[in-house]
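Novice: Once you've had a glance at the structure underneath, I'll fire off some questions.
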Amino acid sequence: MKYFLKSERIILQPIELKEISELSRVISGWINNGQVTYYMFTGQKPKNSKQVSDSIKKELETHENVIFMAKDIKTQKPIGYAGLYDINQTARKAEFRVLIGEKDFWGKGYGTEITELITYYGFDRLNLNRISLGYVADNKAAGKAYEKAGYVFEGTLKQDIYRNSKYYDAVLMAVLRDDYYKKLSKIHSKRFKA
């Protein structure tokens, strides 16, 4: 089983260019599903496999992004993708993003596990000082997962996102290196060291 990062139930693999056409069919199914993208910018416009493939290639070509396919460790089935985006080596910061497309894996702690694993990666391997994220305030499950993974509320952007015929507030959260190392580093090092 080939992986770059691994937790108890998840493996994270780099997306290979030779796999993009196959993965783009899976990902386009997720982002064209209104339930999956209900609280996201992603999914506002339909995308076919070629558009998804082109988008993935563009995101992978920049050194400011590190993106992984998340797979269930037992079945090797892709369940979503996640990564660190807009990595700034000078400020040592990045933005975390995740999409769990397979609904069978919702509400079972996979979002928290993926968030923890990539947060560990960002601090332990990339030497980041700050990892931030944002989500729609009405998405209570996301907020719980991020808080459980160590992220702290930083602010609210009022009526920042338009989706589903209404405006939503966006919640901003982050975790700083010092806080991470005080509270979570030892736990994550034991769980995630290869």
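In the structure tokens, each chain is lettered A, B, ... as it comes, each chain's residues begin at 1, and ligands are numbered from 1 in order of appearance.
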Using the chain letters and numbers from this document, which residues of chain A does DSSP assign to helix (DSSP H, G or I), as a ChimeraX atom specification?
Specialist: /A:17-31,49-61,103-105,110-124,140-148,177-183,185-192
Novice: I'd like the contact shell of Asp104 of chain A - 12 Å cut-off, only C-alpha atoms, skipping same-chain residues fewer than 3 positions apart - returned as a PyMOL selection string.
Specialist: chain A and resi 36+72+77-80+100-101+107-110
Novice: My list of candidates is A:Tyr167, A:Tyr39, A:Phe4, A:Phe192. Which is closest to Glu113 of chain A when distances are computed with only C-alpha atoms?
Specialist: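 With only C-alpha atoms as the atom set, the closest residue is A:Phe192.
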Novice: Excluding segment 25-34 of chain A and residues on its chain fewer than 2 positions from it, collect all residues at most 8 Å away from it, counting only C-alpha atoms, and give them as a PDB file with all heavy atoms, in the first residue's frame.
Specialist:
ATOM      1  N   SER A  21      -6.964  11.720 -15.083  1.00  0.00           N
ATOM      2  CA  SER A  21      -8.192  11.517 -15.858  1.00  0.00           C
ATOM      3  C   SER A  21      -9.169  10.612 -15.105  1.00  0.00           C
ATOM      4  O   SER A  21     -10.371  10.877 -15.071  1.00  0.00           O
ATOM      5  CB  SER A  21      -7.880  10.956 -17.243  1.00  0.00           C
ATOM      6  OG  SER A  21      -7.221   9.719 -17.140  1.00  0.00           O
ATOM      7  N   GLU A  22      -8.659   9.570 -14.460  1.00  0.00           N
ATOM      8  CA  GLU A  22      -9.526   8.686 -13.683  1.00  0.00           C
ATOM      9  C   GLU A  22     -10.081   9.404 -12.453  1.00  0.00           C
ATOM     10  O   GLU A  22     -11.274   9.347 -12.172  1.00  0.00           O
ATOM     11  CB  GLU A  22      -8.746   7.443 -13.244  1.00  0.00           C
ATOM     12  CG  GLU A  22      -9.567   6.472 -12.424  1.00  0.00           C
ATOM     13  CD  GLU A  22      -8.746   5.303 -11.915  1.00  0.00           C
ATOM     14  OE1 GLU A  22      -7.757   4.920 -12.573  1.00  0.00           O
ATOM     15  OE2 GLU A  22      -9.095   4.780 -10.854  1.00  0.00           O
ATOM     16  N   LEU A  23      -9.213  10.097 -11.720  1.00  0.00           N
ATOM     17  CA  LEU A  23      -9.647  10.797 -10.517  1.00  0.00           C
ATOM     18  C   LEU A  23     -10.593  11.955 -10.833  1.00  0.00           C
ATOM     19  O   LEU A  23     -11.484  12.254 -10.045  1.00  0.00           O
ATOM     20  CB  LEU A  23      -8.438  11.317  -9.738  1.00  0.00           C
ATOM     21  CG  LEU A  23      -7.565  10.260  -9.075  1.00  0.00           C
ATOM     22  CD1 LEU A  23      -6.338  10.909  -8.452  1.00  0.00           C
ATOM     23  CD2 LEU A  23      -8.347   9.479  -8.031  1.00  0.00           C
ATOM     24  N   VAL A  36     -22.995  17.441  -1.514  1.00  0.00           N
ATOM     25  CA  VAL A  36     -21.577  17.459  -1.143  1.00  0.00           C
ATOM     26  C   VAL A  36     -21.069  18.896  -1.026  1.00  0.00           C
ATOM     27  O   VAL A  36     -20.334  19.240  -0.110  1.00  0.00           O
ATOM     28  CB  VAL A  36     -20.724  16.659  -2.155  1.00  0.00           C
ATOM     29  CG1 VAL A  36     -19.235  16.829  -1.885  1.00  0.00           C
ATOM     30  CG2 VAL A  36     -21.106  15.177  -2.120  1.00  0.00           C
ATOM     31  N   THR A  37     -21.472  19.740  -1.951  1.00  0.00           N
ATOM     32  CA  THR A  37     -20.938  21.108  -2.008  1.00  0.00           C
ATOM     33  C   THR A  37     -21.917  22.155  -1.470  1.00  0.00           C
ATOM     34  O   THR A  37     -21.760  23.339  -1.732  1.00  0.00           O
ATOM     35  CB  THR A  37     -20.559  21.469  -3.459  1.00  0.00           C
ATOM     36  OG1 THR A  37     -21.734  21.429  -4.275  1.00  0.00           O
ATOM     37  CG2 THR A  37     -19.498  20.532  -4.000  1.00  0.00           C
ATOM     38  N   TYR A  38     -22.894  21.729  -0.695  1.00  0.00           N
ATOM     39  CA  TYR A  38     -23.964  22.616  -0.246  1.00  0.00           C
ATOM     40  C   TYR A  38     -23.459  23.921   0.363  1.00  0.00           C
ATOM     41  O   TYR A  38     -24.027  24.985   0.124  1.00  0.00           O
ATOM     42  CB  TYR A  38     -24.857  21.882   0.764  1.00  0.00           C
ATOM     43  CG  TYR A  38     -26.112  22.634   1.111  1.00  0.00           C
ATOM     44  CD1 TYR A  38     -27.221  22.577   0.268  1.00  0.00           C
ATOM     45  CD2 TYR A  38     -26.191  23.406   2.260  1.00  0.00           C
ATOM     46  CE1 TYR A  38     -28.382  23.265   0.574  1.00  0.00           C
ATOM     47  CE2 TYR A  38     -27.349  24.097   2.573  1.00  0.00           C
ATOM     48  CZ  TYR A  38     -28.438  24.026   1.731  1.00  0.00           C
ATOM     49  OH  TYR A  38     -29.588  24.724   2.024  1.00  0.00           O
ATOM     50  N   THR A  42     -17.191  25.805  -4.373  1.00  0.00           N
ATOM     51  CA  THR A  42     -17.095  24.707  -5.329  1.00  0.00           C
ATOM     52  C   THR A  42     -18.482  24.152  -5.565  1.00  0.00           C
ATOM     53  O   THR A  42     -19.236  23.948  -4.623  1.00  0.00           O
ATOM     54  CB  THR A  42     -16.182  23.593  -4.769  1.00  0.00           C
ATOM     55  OG1 THR A  42     -14.900  24.139  -4.530  1.00  0.00           O
ATOM     56  CG2 THR A  42     -16.084  22.419  -5.698  1.00  0.00           C
ATOM     57  N   GLY A  43     -18.824  23.914  -6.805  1.00  0.00           N
ATOM     58  CA  GLY A  43     -20.125  23.356  -7.119  1.00  0.00           C
ATOM     59  C   GLY A  43     -21.156  24.373  -7.557  1.00  0.00           C
ATOM     60  O   GLY A  43     -22.277  24.017  -7.901  1.00  0.00           O
ATOM     61  N   PRO A  46     -21.448  23.810 -12.879  1.00  0.00           N
ATOM     62  CA  PRO A  46     -21.101  22.419 -13.189  1.00  0.00           C
ATOM     63  C   PRO A  46     -19.733  22.345 -13.857  1.00  0.00           C
ATOM     64  O   PRO A  46     -19.323  23.262 -14.567  1.00  0.00           O
ATOM     65  CB  PRO A  46     -22.203  21.973 -14.154  1.00  0.00           C
ATOM     66  CG  PRO A  46     -22.737  23.224 -14.742  1.00  0.00           C
ATOM     67  CD  PRO A  46     -22.550  24.298 -13.709  1.00  0.00           C
ATOM     68  N   LYS A  47     -19.024  21.251 -13.579  1.00  0.00           N
ATOM     69  CA  LYS A  47     -17.729  21.021 -14.210  1.00  0.00           C
ATOM     70  C   LYS A  47     -17.695  19.601 -14.743  1.00  0.00           C
ATOM     71  O   LYS A  47     -18.064  18.657 -14.033  1.00  0.00           O
ATOM     72  CB  LYS A  47     -16.582  21.198 -13.210  1.00  0.00           C
ATOM     73  CG  LYS A  47     -16.237  22.617 -12.908  1.00  0.00           C
ATOM     74  CD  LYS A  47     -14.955  22.680 -12.102  1.00  0.00           C
ATOM     75  CE  LYS A  47     -14.529  24.121 -11.868  1.00  0.00           C
ATOM     76  NZ  LYS A  47     -13.271  24.200 -11.125  1.00  0.00           N
ATOM     77  N   ASN A  48     -17.236  19.461 -15.982  1.00  0.00           N
ATOM     78  CA  ASN A  48     -17.066  18.123 -16.519  1.00  0.00           C
ATOM     79  C   ASN A  48     -15.687  17.598 -16.147  1.00  0.00           C
ATOM     80  O   ASN A  48     -14.871  18.312 -15.566  1.00  0.00           O
ATOM     81  CB  ASN A  48     -17.304  18.102 -18.039  1.00  0.00           C
ATOM     82  CG  ASN A  48     -16.330  18.990 -18.795  1.00  0.00           C
ATOM     83  OD1 ASN A  48     -15.149  19.093 -18.457  1.00  0.00           O
ATOM     84  ND2 ASN A  48     -16.818  19.637 -19.841  1.00  0.00           N
ATOM     85  N   SER A  49     -15.410  16.343 -16.508  1.00  0.00           N
ATOM     86  CA  SER A  49     -14.147  15.707 -16.122  1.00  0.00           C
ATOM     87  C   SER A  49     -12.934  16.457 -16.658  1.00  0.00           C
ATOM     88  O   SER A  49     -11.920  16.573 -15.976  1.00  0.00           O
ATOM     89  CB  SER A  49     -14.111  14.258 -16.608  1.00  0.00           C
ATOM     90  OG  SER A  49     -15.055  13.498 -15.911  1.00  0.00           O
ATOM     91  N   VAL A  52     -12.349  19.572 -14.552  1.00  0.00           N
ATOM     92  CA  VAL A  52     -11.786  19.177 -13.261  1.00  0.00           C
ATOM     93  C   VAL A  52     -10.328  18.777 -13.433  1.00  0.00           C
ATOM     94  O   VAL A  52      -9.470  19.181 -12.648  1.00  0.00           O
ATOM     95  CB  VAL A  52     -12.605  18.020 -12.633  1.00  0.00           C
ATOM     96  CG1 VAL A  52     -11.894  17.436 -11.420  1.00  0.00           C
ATOM     97  CG2 VAL A  52     -13.998  18.502 -12.255  1.00  0.00           C
ATOM     98  N   GLY A  80     -12.171  11.574  -0.693  1.00  0.00           N
ATOM     99  CA  GLY A  80     -12.104  13.025  -0.778  1.00  0.00           C
ATOM    100  C   GLY A  80     -10.690  13.471  -1.080  1.00  0.00           C
ATOM    101  O   GLY A  80      -9.822  12.651  -1.388  1.00  0.00           O
ATOM    102  N   GLY A 101     -16.039  13.764  -0.366  1.00  0.00           N
ATOM    103  CA  GLY A 101     -17.082  13.587  -1.370  1.00  0.00           C
ATOM    104  C   GLY A 101     -17.961  12.374  -1.172  1.00  0.00           C
ATOM    105  O   GLY A 101     -19.102  12.351  -1.620  1.00  0.00           O
ATOM    106  N   GLU A 102     -17.431  11.359  -0.500  1.00  0.00           N
ATOM    107  CA  GLU A 102     -18.206  10.131  -0.293  1.00  0.00           C
ATOM    108  C   GLU A 102     -19.054  10.274   0.967  1.00  0.00           C
ATOM    109  O   GLU A 102     -18.542  10.290   2.081  1.00  0.00           O
ATOM    110  CB  GLU A 102     -17.272   8.920  -0.183  1.00  0.00           C
ATOM    111  CG  GLU A 102     -16.574   8.569  -1.479  1.00  0.00           C
ATOM    112  CD  GLU A 102     -17.538   8.175  -2.593  1.00  0.00           C
ATOM    113  OE1 GLU A 102     -18.559   7.498  -2.312  1.00  0.00           O
ATOM    114  OE2 GLU A 102     -17.258   8.566  -3.744  1.00  0.00           O
TER     115      GLU A 102
END
Novice: Could you please write out, as an MDAnalysis selection string, every residue of segment 9-169 of chain A that DSSP assigns to strand (DSSP E)?
Specialist: chainID A and resid 10:14 66:72 78:88 93:100 130:136 152:163 166:169
Novice: Find, counting only C-alpha atoms, the residue in A:Ala145, A:Leu5, A:Ala82, A:Leu133 that gets nearest to Ala170 of chain A.
Specialist: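 The closest residue to Ala170 of chain A is A:Leu133.
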Novice: Residues near Lys6 of chain A, anyone? I mean within 12 Å using only C-alpha atoms, not counting same-chain ones fewer than 6 positions away, as an MDAnalysis selection string.
Specialist: chainID A and resid 12:13 68:74 113:114 116:118 120:121 188:194
Novice: Choose the residue, out of A:Lys2, A:Glu59, A:Ile11, A:Tyr181, that has the smallest atom-to-atom separation from Asp124 of chain A; count only C-alpha atoms.
Specialist: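 Among the listed residues, the smallest separation from Asp124 of chain A belongs to A:Tyr181.
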Novice: Can you list, as number ranges by chain, every protein, DNA or RNA residue that comes within 10 Å of Gly134 of chain A when you count only C-alpha atoms, leaving out same-chain residues fewer than 4 positions away?
Specialist: A: 95-97, 142-143, 146, 153-157, 170-174
Novice: Would you please work out which residue, of A:Asp138, A:Glu19, A:Glu147, A:Asp178, is nearest to Met40 of chain A when using only C-alpha atoms?
Specialist: A:Asp138
